[in-house]
$ cat coords-v3.txt   # compact mmCIF, C-alpha atoms
# COMPACT_ATOMS: atom_id res chain seq x y z
CA MET A 1 178.94 107.40 51.71
CA ARG A 2 179.34 105.54 54.95
CA SER A 3 182.45 104.74 56.90
CA LEU A 4 182.87 103.94 60.54
CA VAL A 5 185.90 104.39 62.74
CA VAL A 6 185.95 102.84 66.18
CA ALA A 7 188.64 105.13 67.61
CA ALA A 8 189.87 108.50 66.46
CA GLY A 9 193.53 109.00 67.24
CA PRO A 10 195.94 110.75 64.88
CA GLY A 11 196.12 108.84 61.63
CA THR A 12 193.62 106.13 62.61
CA ALA A 13 193.32 103.46 59.89
CA ILE A 14 190.01 103.48 58.03
CA ASN A 15 188.38 101.90 55.01
CA LEU A 16 186.48 104.90 53.62
CA TYR A 17 183.22 103.84 51.97
CA THR A 18 183.37 105.15 48.40
CA HIS A 19 180.83 103.02 46.50
CA CYS A 20 178.50 105.91 45.56
CA GLY A 21 181.11 108.66 45.88
CA ILE A 22 182.80 110.37 48.80
CA TYR A 23 180.29 112.42 50.78
CA GLU A 24 180.20 111.47 54.45
CA VAL A 25 182.05 109.58 57.15
CA ARG A 26 181.17 108.58 60.69
CA VAL A 27 183.91 108.72 63.31
CA GLN A 28 182.79 107.25 66.62
CA ASP A 29 179.44 108.98 67.22
CA THR A 30 180.05 112.02 65.01
CA TYR A 31 178.87 112.34 61.42
CA PHE A 32 181.08 114.37 59.09
CA VAL A 33 180.27 115.77 55.64
CA ALA A 34 182.89 116.28 52.92
CA ASP A 35 183.78 119.91 52.22
CA LYS A 36 184.06 118.97 48.55
CA PRO A 37 182.12 115.78 47.75
CA ARG A 38 183.71 113.58 45.09
CA ASP A 39 182.18 111.25 42.53
CA ASP A 40 182.46 110.52 38.83
CA GLY A 41 179.15 112.23 37.99
CA LEU A 42 177.43 108.84 37.67
CA GLY A 43 177.25 107.95 41.35
CA ASN A 44 180.57 106.12 41.57
CA PRO A 45 183.86 107.03 43.21
CA PRO A 46 186.17 109.18 41.08
CA LEU A 47 188.76 107.57 38.83
CA GLY A 48 191.69 106.30 40.89
CA TRP A 49 189.66 105.56 44.01
CA GLY A 50 188.84 102.07 45.30
CA ASN A 51 185.30 100.75 45.10
CA PRO A 52 183.56 100.05 47.47
CA TYR A 53 186.29 101.14 49.92
CA GLN A 54 189.53 103.14 49.90
CA ALA A 55 192.06 102.24 52.58
CA GLY A 56 193.73 105.15 54.32
CA SER A 57 193.81 107.01 57.60
CA ILE A 58 191.71 109.69 59.21
CA THR A 59 192.69 112.33 61.73
CA VAL A 60 190.08 114.21 63.75
CA ALA A 61 190.85 117.63 65.23
CA GLY A 62 187.84 119.35 66.75
CA SER A 63 185.06 119.52 64.17
CA GLU A 64 187.35 118.59 61.27
CA ALA A 65 188.29 115.11 60.02
CA VAL A 66 190.90 114.63 57.29
CA PHE A 67 191.20 111.41 55.27
CA ARG A 68 194.49 110.60 53.54
CA ASP A 69 195.71 107.56 51.63
CA GLU A 70 198.95 106.32 50.08
CA ASN A 71 197.76 107.41 46.61
CA GLY A 72 197.79 111.07 47.64
CA HIS A 73 194.02 111.44 48.04
CA THR A 74 192.96 113.91 50.72
CA VAL A 75 189.40 114.70 51.75
CA THR A 76 188.46 117.18 54.47
CA PHE A 77 185.19 116.64 56.33
CA HIS A 78 183.40 118.84 58.87
CA ALA A 79 181.13 117.65 61.66
CA LYS A 80 177.41 117.93 60.99
CA ALA A 81 176.06 119.30 64.26
CA GLY A 82 173.20 117.28 65.73
CA ALA A 83 173.34 114.58 63.03
CA THR A 84 172.23 111.11 64.12
CA ALA A 85 172.38 109.44 60.70
CA PHE A 86 173.92 109.80 57.26
CA LEU A 87 172.34 112.38 54.96
CA LYS A 88 172.42 110.01 51.96
CA THR A 89 172.15 106.26 51.68
CA CYS A 90 173.84 104.29 48.97
CA SER A 91 171.98 101.34 47.48

$ encode --input "coords-v3.txt" --output "structure tokens"
Amino acid sequence: MRSLVVAAGPGTAINLYTHCGIYEVRVQDTYFVADKPRDDGLGNPPLGWGNPYQAGSITVAGSEAVFRDENGHTVTFHAKAGATAFLKTCS
């Protein structure tokens, strides 16, 4: 549920945290929530995703962040206004 990107240029490399599913990402000081969260129904990443991370890239444009990887996975996130922490924590 957590990922951190130090810089946010077009196609910035990221290791998206997927251990408990794909729900949120932090890019610099902004927290983003997945438009369509993904998991296997048992609190794990979906089939075909890395665990605990999935390497890829993220592009931020305004309040939208899009993750893409070489396997064809795409996840769109939107900024959570006023957020100062992740909504969920993975154990």

$ residues_around --input "coords-v3.txt" --residues "Thr30 (chain A)" --least-positions-apart "2" --cutoff "9 Å" --atoms "only C-alpha atoms" --output "list in words"
Val25, Arg26, Val27, Gln28, Phe32, Ala79, Lys80, Ala81, Gly82, Ala83 and Thr84 of chain A

$ residues_near_point --input "coords-v3.txt" --point "(200.7, 104.7, 51.5)" --cutoff "10 Å" --atoms "only C-alpha atoms" --output "ChimeraX atom specification"
/A:55-57,68-72

$ closest_residue --input "coords-v3.txt" --among "A:Tyr31, A:Thr59, A:Tyr53, A:Leu87" --to "Thr74 (chain A)" --atoms "all atoms listed in the file"
A:Thr59

$ atom_distance --input "coords-v3.txt" --atom1 "CA of Gly50 (chain A)" --atom2 "CA of Gly11 (chain A)"
19.1 Å

$ closest_residue --input "coords-v3.txt" --among "A:Asp39, A:Asp29, A:Glu24, A:Glu64" --to "Thr76 (chain A)" --atoms "all atoms listed in the file"
A:Glu64

$ atom_distance --input "coords-v3.txt" --atom1 "CA of Tyr17 (chain A)" --atom2 "CA of Pro52 (chain A)"
5.9 Å

$ closest_residue --input "coords-v3.txt" --among "A:Thr12, A:Gly41, A:Trp49, A:Cys20" --to "His73 (chain A)" --atoms "all atoms listed in the file"
A:Trp49

$ decode --input "coords-v3.txt" --residues "chain A" --atoms "C-alpha atoms" --output "compact mmCIF listing (two decimals), in the first residue's frame"
# COMPACT_ATOMS: atom_id res chain seq x y z
CA MET A 1 0.00 0.00 0.00
CA ARG A 2 2.97 2.28 0.38
CA SER A 3 5.40 3.50 -2.21
CA LEU A 4 7.61 6.54 -2.19
CA VAL A 5 9.02 8.47 -5.11
CA VAL A 6 11.68 11.08 -4.49
CA ALA A 7 11.11 13.01 -7.73
CA ALA A 8 8.14 13.08 -10.06
CA GLY A 9 9.18 13.65 -13.64
CA PRO A 10 7.55 11.90 -16.59
CA GLY A 11 8.04 8.16 -16.26
CA THR A 12 9.96 8.30 -12.96
CA ALA A 13 11.15 4.83 -11.90
CA ILE A 14 9.36 3.40 -8.86
CA ASN A 15 9.06 0.18 -6.93
CA LEU A 16 5.32 0.17 -6.20
CA TYR A 17 4.57 -1.45 -2.84
CA THR A 18 2.13 -4.29 -3.56
CA HIS A 19 2.45 -6.60 -0.54
CA CYS A 20 -1.17 -6.20 0.65
CA GLY A 21 -2.59 -5.12 -2.70
CA ILE A 22 -2.43 -1.95 -4.74
CA TYR A 23 -4.27 0.87 -2.98
CA GLU A 24 -2.09 3.92 -2.43
CA VAL A 25 1.17 5.56 -3.43
CA ARG A 26 3.09 8.55 -2.13
CA VAL A 27 4.84 10.78 -4.65
CA GLN A 28 7.00 13.40 -2.96
CA ASP A 29 4.64 14.89 -0.36
CA THR A 30 1.37 13.91 -2.04
CA TYR A 31 -0.64 10.81 -1.18
CA PHE A 32 -2.58 9.21 -4.03
CA VAL A 33 -5.35 6.61 -3.88
CA ALA A 34 -5.97 4.04 -6.63
CA ASP A 35 -9.10 4.65 -8.70
CA LYS A 36 -9.58 0.88 -8.80
CA PRO A 37 -7.74 -0.86 -5.95
CA ARG A 38 -6.31 -4.27 -6.83
CA ASP A 39 -5.76 -7.36 -4.72
CA ASP A 40 -6.43 -11.09 -4.89
CA GLY A 41 -9.30 -10.94 -2.37
CA LEU A 42 -7.03 -12.32 0.36
CA GLY A 43 -4.93 -9.23 0.99
CA ASN A 44 -2.19 -10.00 -1.53
CA PRO A 45 -1.30 -8.44 -4.87
CA PRO A 46 -3.22 -9.82 -7.84
CA LEU A 47 -1.84 -12.74 -9.84
CA GLY A 48 0.99 -11.56 -12.10
CA TRP A 49 2.16 -8.77 -9.80
CA GLY A 50 5.41 -8.78 -7.82
CA ASN A 51 5.33 -9.13 -4.05
CA PRO A 52 6.28 -7.05 -2.08
CA TYR A 53 7.13 -4.63 -4.92
CA GLN A 54 6.44 -4.20 -8.64
CA ALA A 55 9.04 -2.27 -10.62
CA GLY A 56 7.71 0.26 -13.08
CA SER A 57 7.36 3.97 -13.64
CA ILE A 58 4.97 6.64 -12.49
CA THR A 59 3.94 9.85 -14.18
CA VAL A 60 2.23 12.65 -12.26
CA ALA A 61 0.07 15.21 -14.06
CA GLY A 62 -1.82 17.53 -11.74
CA SER A 63 -3.84 15.45 -9.28
CA GLU A 64 -3.39 12.21 -11.25
CA ALA A 65 -0.54 9.69 -11.03
CA VAL A 66 -0.31 6.76 -13.44
CA PHE A 67 1.82 3.68 -12.74
CA ARG A 68 2.94 1.48 -15.64
CA ASP A 69 5.24 -1.52 -15.86
CA GLU A 70 6.78 -3.70 -18.57
CA ASN A 71 4.14 -6.40 -17.95
CA GLY A 72 1.37 -4.10 -19.15
CA HIS A 73 -0.02 -3.26 -15.70
CA THR A 74 -1.49 0.23 -15.42
CA VAL A 75 -2.94 1.80 -12.28
CA THR A 76 -4.37 5.31 -12.10
CA PHE A 77 -4.26 7.13 -8.77
CA HIS A 78 -5.78 10.44 -7.71
CA ALA A 79 -4.43 12.79 -5.06
CA LYS A 80 -6.12 12.61 -1.68
CA ALA A 81 -6.52 16.26 -0.72
CA GLY A 82 -5.13 17.13 2.70
CA ALA A 83 -3.76 13.63 3.36
CA THR A 84 -0.70 13.45 5.60
CA ALA A 85 -0.49 9.66 5.88
CA PHE A 86 -1.61 6.47 4.16
CA LEU A 87 -5.22 5.43 4.70
CA LYS A 88 -4.27 1.78 5.29
CA THR A 89 -1.21 0.16 6.78
CA CYS A 90 0.03 -3.22 5.73
CA SER A 91 1.42 -5.52 8.39
